[in-house]
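> First the structure, which I've put down as C-alpha cells, then a few questions once you've had a look.
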Amino acid sequence: MIYKASVIFLSTLAITLAQDEISNKKFPENFMFGTATAAYQVEGGWNEDGKGENIWDYLTHSNPNPIADGSTADISCDSYHKYKEDVAMLKELGVDHYRFSISWSRVLPNGTADKINLAGVTYYKNLIKELKSNNIEPLITLYHWDLPQVLQEQGGWTDEFIIDAFADYAKVCFELFGEDVKYWLTFNEPKQTCLYGYDYGSIAPKIYSPGVGGYKCTHNLLRAHAKAWHIYDQEFRAQQNGKVSITIDTPWFEPDSDSEGDQEAAERQIQFTFGWFANPIFNGDYPEVMKTRVAARSAAEGLNQSRLPEFTDEEITYILGTHDYLGLNMYSSYMVKEAAEPEIGDPSYDNDIGISIYQSDDWETGASSWLNVTPWGIRRLLNWLKKTYNTPIFITENGFSDIDGKLNDDRRINYYKNYISNVRNAIEDGVDVLGYTAWSLMDNFEWMQGFKEKFGLYQVDFDSPNRTRTPKDSVAFFKKVIETRCLVDVCEE
Ligand code: GBE
C-alpha cells in the first residue's frame with residue numbers, strides 16, 4: 001500500500017514538473033483563433049487549368065528527387081478540388097480565421113502581370129467566398145515559398161528585378177481579392193526563403209552561397225515587401241480597409257546563464273534571426289550588431305565592402321513603418337552560449353553570428369528534428385517582441401509534428417494546451433496579441449520531409465484517391481478552446 005501510494009505521488013510530481021499550470025483566464029471575445037495551410041503544401045493541381053511551374057514543382061520533379069520520402073505535392077491534399085471540404089472542417093472547428101496562401105504561378109503563370117490565369121483567380125475567389133459565407137475571415141499570405149520557376153531562371157530573389165515583379169503580383173492580388181480580405185501577409189518566413197533557399201542551399205531553389213546569398217536575397221525581399229505595403233497603402237487601403245504585414249519566424253533563444261556574455265550572445269542571435277527582417281520594418285535599417293559584425297568579418301576576409309548590403313537613407317525611410325501588425329511563427333527554443341570568435345575563413349552566416357547553440361536533451365521532441373516542446377519560450381518571446389517593437393502581434397503558426405499521424409494525438413493536444421496557455425499569460429503580461437493560428441488544418445506536404453512529418457489537426461489519407469480527411473482528437477480539443485475561449489474546465493469570468 002505504502003509502496004503504491006508513493007508511486008502515485010512520484011508520478012503526479014513528475015507531471016507537475018513537466019507542465020506549467022494552465023491559465024484559467026478567458027481569451028477576449030475579439031481574440032482570433034484559426035488554422036493555417038500554404039498553397040504548395042495542400043493544393044495539388046500543380047499543372048491544372050493553366051497554372052505555371054514554380055520552384056517546388058521544379059525541385060520535386062528533378063532527378064533524383066531530393067525529398068525525404070521521394071514524394072511531390074502534385075496532388076497532396078487536393079485542396080484545389082476539395083476546398084469546400086476544407087471550409088467545412090474549418091466550420092466544424094468554429095475558427096474565426098483561416099490562413100492560406102496564394103500560389104503566384106497559379107494566378108500569374110508567367111510570373112509577370114501581363115497574363116492573368118482566370119481559372120486560378122476563380123479558385124481563390126471561390127475559396128474566399130466559401131469562407132466569408134461561413135463567417136470565416138481569410139488571412140492571406142502572398143508568398144509562401146513558391147516562386148514561379150521562370151522568375152528563378154532570371155535570378156530569383158537575389159536579383160533586383162524581383163522587387164517589381166513581386167510588387168506587380170501583390171497589386172494584382174489586392175485588386176482581384178482585396179475587397180473581401182482584411183488581413184494580408186506579404187511573406188511567410190523570409191529567413192527560410194533567403195537563408196535556407198539562397199545561402200545554405202537546403203530548400204528550393206537550393207542555391208548554395210554561404211554568407212552572401214542570404215543577405216542579398218533579404219535585401220531584395222525587404223524592398224519588395226515595402227513596395228507591396230506602399231501600393232496597398234496608397235491605392236487600396238481607403239476602399240478595402242485591410243491590414244498588411246509580414247510573418248517572421250523565430251525560435252526563442254534562452255541565454256544559457258546569467259553571465260553577460262551569454263545574455264549578449266542570445267540577444268545577438270535573435271537580432272540575426274528576427275531583427276534582420278523586423279528591424280528595417282519596425283525600427284529602421286538592419287540591427288547595429290549585424291552591420292558591425294558582418295562589416296568587420298568581411299574586411300578581415302579581405303573584401304572591400306561588407307557582405308551585408310547597405311540601404312540608402314531613402315530606402316531606410318521607405319521600408320520603415322511598412323506594417324499594420326506583426327506576424328509571428330514560433331514552434332520551439334534553443335539555449336545560447338557565448339563562444340570564441342570564429343576564425344576568419346570562408347564566409348558564413350553562422351560565423352557572422354558567432355555564438356554556440358543547443359537544444360536540451362530534457363525537452364520533449366516531435367517528429368521534426370528541430371521541434372522541441374518549450375511552451376515557456378513563446379511567453380518570453382512575446383515579451384521580447386513587445387519590448388523591442390511594441391506592436392500588435394498575430395501568431396500565424398504554431399504546432400506539433402508526429403510521424404504516424406494517428407487520430408489519438410494526445411501529445412499534440414498537450415503541446416497546444418501549454419503553448420496557448422503561455423500566450424494567455426503573455427497577454428496578462430501586457431503583450432497585445434491579436435490572434436493565434438494552429439499549424440496546420442490538416443496533414444500536408446512538409447517540404448523536404450515530404451509526408452513524413454505530420455502537423456495536421458485533421459488526418460489526410462494520402463493513399464485514397466479521395467484524400468479522405470478525418471478529425472484527430474486535437475480537433476475536439478481546439479474546437480472547445482475556440483468555443484469557450486478557455487483552456488480549463490471553468491475559466492475565471
Ligand atoms: C513553417 O516553418 C512553415 O511556414 C510551414 O510551411 C511548415 O510546414 C511548418 O513551419 C512546419 O515546419 O537543420 O533540420 O534544423 C530546419 C517552420 C529547418 C520553421 C524547418 C527551419 C522549419 C524552421 C532544418 N526548419 N522552420 S534543420
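Quick note on naming: the chains in the C-alpha cells go A, B, ... in the order shown, residues restart at 1 in each chain, and ligands are numbered from 1 in order of appearance.
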Which residues are near ligand 1 - at most 6 Å, using only C-alpha atoms and all ligand atoms? Format: as a compact mmCIF listing (two decimals) with N, CA, C and O atoms, in the first residue's frame.

```
# COMPACT_ATOMS: atom_id res chain seq x y z
N SER A 369 13.20 17.18 -36.34
CA SER A 369 14.43 17.22 -35.54
C SER A 369 14.55 18.53 -34.76
O SER A 369 15.06 18.56 -33.65
N TRP A 370 14.09 19.62 -35.35
CA TRP A 370 14.28 20.94 -34.77
C TRP A 370 13.19 21.32 -33.78
O TRP A 370 13.30 22.33 -33.09
N GLU A 446 5.25 18.35 -46.11
CA GLU A 446 6.15 19.09 -45.21
C GLU A 446 7.51 19.34 -45.90
O GLU A 446 8.55 18.93 -45.42
```
> Run DSSP on the backbone of this structure and report the residues of range 17-228 of chain A it assigns to strand (DSSP E or B), as a PyMOL selection string.
chain A and resi 25+32-36+54+97-101+137-143+148+183-188
> Tell me which of A:Ser71, A:Asn304, A:Asn135, A:Thr374 sits closest to Pro251 in chain A, counting only C-alpha atoms.
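Of the candidates, the smallest distance to Pro251 in chain A is held by A:Thr374.
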> Rank A:Gln305, A:Asn63, A:Thr72, A:Thr396 by their smallest atom-to-atom distance to Leu434 in chain A, using only C-alpha atoms, and report the top residue only.
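Closest residue, counting only C-alpha atoms: A:Thr396.
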> Hey, what's within 12 Å of Tyr286 in chain A if we count only C-alpha atoms and toss same-chain stuff fewer than 6 positions away? As an MDAnalysis selection string, please?
chainID A and resid 215 218:219 222 271:280 292:294 308:312 315:316 319:320
> Please list as a tab-separated table (two decimals) with C-alpha atoms, in the first residue's frame every residue within 6 Å of range 49-52 of chain A, counting only C-alpha atoms and excluding residues in the same chain fewer than 3 positions away.

```
chain	number	residue	atom	x	y	z
A	105	SER	CA	2.17	30.86	-60.62
A	106	ARG	CA	-1.49	29.82	-60.43
A	109	PRO	CA	1.59	31.61	-64.94
```
> Could you give me the residues within range 240-460 of chain A that DSSP places in alpha helix (DSSP H), as a short mmCIF file (atom, residue, chain, number, x, y, z; two decimals) with N, CA and C atoms, in the first residue's frame?

```cif
data_model
loop_
_atom_site.label_atom_id
_atom_site.label_comp_id
_atom_site.auth_asym_id
_atom_site.auth_seq_id
_atom_site.Cartn_x
_atom_site.Cartn_y
_atom_site.Cartn_z
N GLN A 240 -10.52 49.36 -49.17
CA GLN A 240 -10.56 47.97 -48.68
C GLN A 240 -10.35 47.86 -47.17
N GLU A 260 27.03 37.95 -18.56
CA GLU A 260 26.83 38.99 -19.57
C GLU A 260 27.09 38.44 -20.96
N GLY A 261 28.10 37.59 -21.07
CA GLY A 261 28.46 37.02 -22.36
C GLY A 261 27.33 36.19 -22.96
N ASP A 262 26.71 35.35 -22.14
CA ASP A 262 25.61 34.51 -22.64
C ASP A 262 24.38 35.36 -22.98
N GLN A 263 24.12 36.35 -22.14
CA GLN A 263 22.98 37.24 -22.39
C GLN A 263 23.17 37.97 -23.73
N GLU A 264 24.37 38.46 -23.91
CA GLU A 264 24.68 39.22 -25.12
C GLU A 264 24.61 38.29 -26.34
N ALA A 265 25.08 37.06 -26.18
CA ALA A 265 25.06 36.09 -27.28
C ALA A 265 23.63 35.77 -27.71
N ALA A 266 22.73 35.61 -26.73
CA ALA A 266 21.33 35.29 -27.05
C ALA A 266 20.67 36.46 -27.77
N GLU A 267 20.96 37.67 -27.32
CA GLU A 267 20.41 38.86 -27.97
C GLU A 267 20.94 38.98 -29.40
N ARG A 268 22.22 38.70 -29.57
CA ARG A 268 22.81 38.78 -30.91
C ARG A 268 22.17 37.75 -31.84
N GLN A 269 21.96 36.56 -31.31
CA GLN A 269 21.32 35.51 -32.12
C GLN A 269 19.92 35.92 -32.58
N ILE A 270 19.13 36.49 -31.70
CA ILE A 270 17.76 36.84 -32.11
C ILE A 270 17.78 38.06 -33.04
N TRP A 276 17.01 40.96 -38.26
CA TRP A 276 17.43 41.02 -39.67
C TRP A 276 16.26 41.51 -40.56
N PHE A 277 15.07 40.98 -40.29
CA PHE A 277 13.89 41.34 -41.09
C PHE A 277 13.04 42.41 -40.41
N ALA A 278 12.90 42.30 -39.08
CA ALA A 278 11.97 43.17 -38.38
C ALA A 278 12.54 44.56 -38.16
N GLU A 288 22.15 47.08 -35.61
CA GLU A 288 23.52 47.60 -35.48
C GLU A 288 24.53 46.44 -35.37
N VAL A 289 24.19 45.44 -34.55
CA VAL A 289 25.15 44.35 -34.30
C VAL A 289 25.42 43.57 -35.58
N MET A 290 24.44 43.47 -36.47
CA MET A 290 24.65 42.78 -37.76
C MET A 290 25.56 43.60 -38.65
N LYS A 291 25.26 44.91 -38.70
CA LYS A 291 26.05 45.78 -39.58
C LYS A 291 27.53 45.74 -39.15
N THR A 292 27.75 45.86 -37.83
CA THR A 292 29.13 45.91 -37.34
C THR A 292 29.85 44.58 -37.56
N ARG A 293 29.18 43.48 -37.19
CA ARG A 293 29.87 42.19 -37.27
C ARG A 293 30.14 41.75 -38.71
N VAL A 294 29.15 41.90 -39.57
CA VAL A 294 29.36 41.43 -40.95
C VAL A 294 30.40 42.32 -41.64
N ALA A 295 30.36 43.62 -41.36
CA ALA A 295 31.36 44.52 -41.95
C ALA A 295 32.77 44.14 -41.47
N ALA A 296 32.91 43.91 -40.17
CA ALA A 296 34.23 43.60 -39.63
C ALA A 296 34.77 42.28 -40.19
N ARG A 297 33.91 41.27 -40.23
CA ARG A 297 34.38 39.98 -40.74
C ARG A 297 34.66 40.05 -42.24
N SER A 298 33.85 40.81 -42.97
CA SER A 298 34.09 40.96 -44.41
C SER A 298 35.45 41.61 -44.65
N ALA A 299 35.73 42.66 -43.87
CA ALA A 299 37.03 43.35 -44.01
C ALA A 299 38.17 42.39 -43.71
N ALA A 300 38.02 41.60 -42.64
CA ALA A 300 39.06 40.65 -42.27
C ALA A 300 39.25 39.58 -43.35
N ASP A 313 19.66 56.03 -47.47
CA ASP A 313 18.79 56.72 -46.50
C ASP A 313 17.35 56.71 -46.98
N GLU A 314 17.21 56.88 -48.28
CA GLU A 314 15.88 56.89 -48.88
C GLU A 314 15.19 55.53 -48.68
N GLU A 315 15.94 54.48 -48.88
CA GLU A 315 15.38 53.14 -48.70
C GLU A 315 15.02 52.87 -47.24
N ILE A 316 15.86 53.33 -46.34
CA ILE A 316 15.58 53.14 -44.91
C ILE A 316 14.22 53.76 -44.58
N THR A 317 14.01 54.98 -45.06
CA THR A 317 12.74 55.67 -44.81
C THR A 317 11.57 54.96 -45.49
N TYR A 318 11.82 54.46 -46.69
CA TYR A 318 10.78 53.79 -47.48
C TYR A 318 10.31 52.50 -46.79
N ILE A 319 11.23 51.77 -46.18
CA ILE A 319 10.90 50.48 -45.56
C ILE A 319 10.33 50.67 -44.14
N TYR A 349 27.09 32.78 -42.63
CA TYR A 349 26.11 33.45 -41.79
C TYR A 349 26.29 33.04 -40.33
N ASP A 350 26.48 31.75 -40.08
CA ASP A 350 26.61 31.30 -38.69
C ASP A 350 27.86 31.86 -38.02
N ASN A 351 28.97 31.94 -38.77
CA ASN A 351 30.17 32.54 -38.19
C ASN A 351 30.00 34.04 -37.99
N ASP A 352 29.17 34.66 -38.83
CA ASP A 352 28.88 36.08 -38.62
C ASP A 352 28.20 36.29 -37.26
N ILE A 353 27.38 35.33 -36.85
CA ILE A 353 26.74 35.45 -35.53
C ILE A 353 27.76 35.11 -34.44
N PRO A 375 6.96 25.38 -24.20
CA PRO A 375 5.88 26.36 -24.18
C PRO A 375 6.24 27.67 -23.50
N TRP A 376 7.12 27.63 -22.49
CA TRP A 376 7.55 28.85 -21.80
C TRP A 376 8.25 29.79 -22.75
N GLY A 377 8.83 29.24 -23.83
CA GLY A 377 9.58 30.07 -24.78
C GLY A 377 8.68 31.07 -25.49
N ILE A 378 7.43 30.70 -25.76
CA ILE A 378 6.58 31.62 -26.52
C ILE A 378 6.23 32.84 -25.67
N ARG A 379 6.06 32.63 -24.38
CA ARG A 379 5.77 33.77 -23.50
C ARG A 379 6.95 34.73 -23.43
N ARG A 380 8.16 34.16 -23.30
CA ARG A 380 9.35 35.03 -23.25
C ARG A 380 9.55 35.75 -24.57
N LEU A 381 9.32 35.03 -25.67
CA LEU A 381 9.49 35.65 -26.98
C LEU A 381 8.49 36.80 -27.17
N LEU A 382 7.23 36.56 -26.81
CA LEU A 382 6.21 37.61 -26.98
C LEU A 382 6.59 38.85 -26.16
N ASN A 383 7.11 38.64 -24.98
CA ASN A 383 7.53 39.78 -24.16
C ASN A 383 8.73 40.50 -24.78
N TRP A 384 9.66 39.72 -25.35
CA TRP A 384 10.82 40.33 -26.02
C TRP A 384 10.35 41.17 -27.22
N LEU A 385 9.38 40.64 -27.97
CA LEU A 385 8.86 41.36 -29.15
C LEU A 385 8.18 42.66 -28.75
N LYS A 386 7.44 42.60 -27.65
CA LYS A 386 6.78 43.82 -27.18
C LYS A 386 7.83 44.88 -26.83
N LYS A 387 8.83 44.42 -26.08
CA LYS A 387 9.88 45.35 -25.65
C LYS A 387 10.63 45.94 -26.85
N THR A 388 10.84 45.11 -27.89
CA THR A 388 11.70 45.52 -29.00
C THR A 388 10.95 46.28 -30.09
N TYR A 389 9.70 45.90 -30.35
CA TYR A 389 8.96 46.52 -31.47
C TYR A 389 7.65 47.18 -31.05
N ASP A 410 -2.64 12.81 -28.34
CA ASP A 410 -2.53 13.47 -27.03
C ASP A 410 -1.34 14.41 -26.92
N ARG A 411 -0.22 14.03 -27.55
CA ARG A 411 0.97 14.88 -27.43
C ARG A 411 0.75 16.22 -28.12
N ARG A 412 -0.02 16.21 -29.23
CA ARG A 412 -0.34 17.46 -29.91
C ARG A 412 -1.25 18.31 -29.03
N ILE A 413 -2.25 17.66 -28.42
CA ILE A 413 -3.16 18.40 -27.53
C ILE A 413 -2.38 19.05 -26.39
N ASN A 414 -1.46 18.28 -25.83
CA ASN A 414 -0.65 18.78 -24.72
C ASN A 414 0.21 19.98 -25.16
N TYR A 415 0.77 19.86 -26.35
CA TYR A 415 1.57 20.96 -26.91
C TYR A 415 0.71 22.22 -27.03
N TYR A 416 -0.45 22.07 -27.69
CA TYR A 416 -1.31 23.23 -27.90
C TYR A 416 -1.76 23.84 -26.57
N LYS A 417 -2.18 22.99 -25.66
CA LYS A 417 -2.71 23.49 -24.39
C LYS A 417 -1.65 24.35 -23.68
N ASN A 418 -0.43 23.84 -23.64
CA ASN A 418 0.62 24.55 -22.91
C ASN A 418 1.10 25.82 -23.63
N TYR A 419 1.19 25.75 -24.96
CA TYR A 419 1.59 26.96 -25.70
C TYR A 419 0.50 28.03 -25.62
N ILE A 420 -0.73 27.63 -25.83
CA ILE A 420 -1.81 28.63 -25.83
C ILE A 420 -1.93 29.25 -24.43
N SER A 421 -1.70 28.44 -23.41
CA SER A 421 -1.74 28.95 -22.05
C SER A 421 -0.65 30.02 -21.85
N ASN A 422 0.51 29.77 -22.41
CA ASN A 422 1.59 30.76 -22.29
C ASN A 422 1.31 32.01 -23.12
N VAL A 423 0.55 31.87 -24.20
CA VAL A 423 0.12 33.04 -24.96
C VAL A 423 -0.82 33.87 -24.08
N ARG A 424 -1.72 33.17 -23.38
CA ARG A 424 -2.65 33.87 -22.49
C ARG A 424 -1.90 34.61 -21.38
N ASN A 425 -0.85 33.93 -20.86
CA ASN A 425 -0.04 34.59 -19.83
C ASN A 425 0.67 35.82 -20.38
N ALA A 426 1.11 35.74 -21.63
CA ALA A 426 1.79 36.89 -22.24
C ALA A 426 0.82 38.06 -22.37
N ILE A 427 -0.44 37.75 -22.69
CA ILE A 427 -1.45 38.82 -22.77
C ILE A 427 -1.58 39.48 -21.40
N GLU A 428 -1.58 38.64 -20.37
CA GLU A 428 -1.64 39.14 -18.99
C GLU A 428 -0.41 40.01 -18.67
N ASP A 429 0.73 39.64 -19.26
CA ASP A 429 1.96 40.45 -19.07
C ASP A 429 1.85 41.80 -19.76
#
```
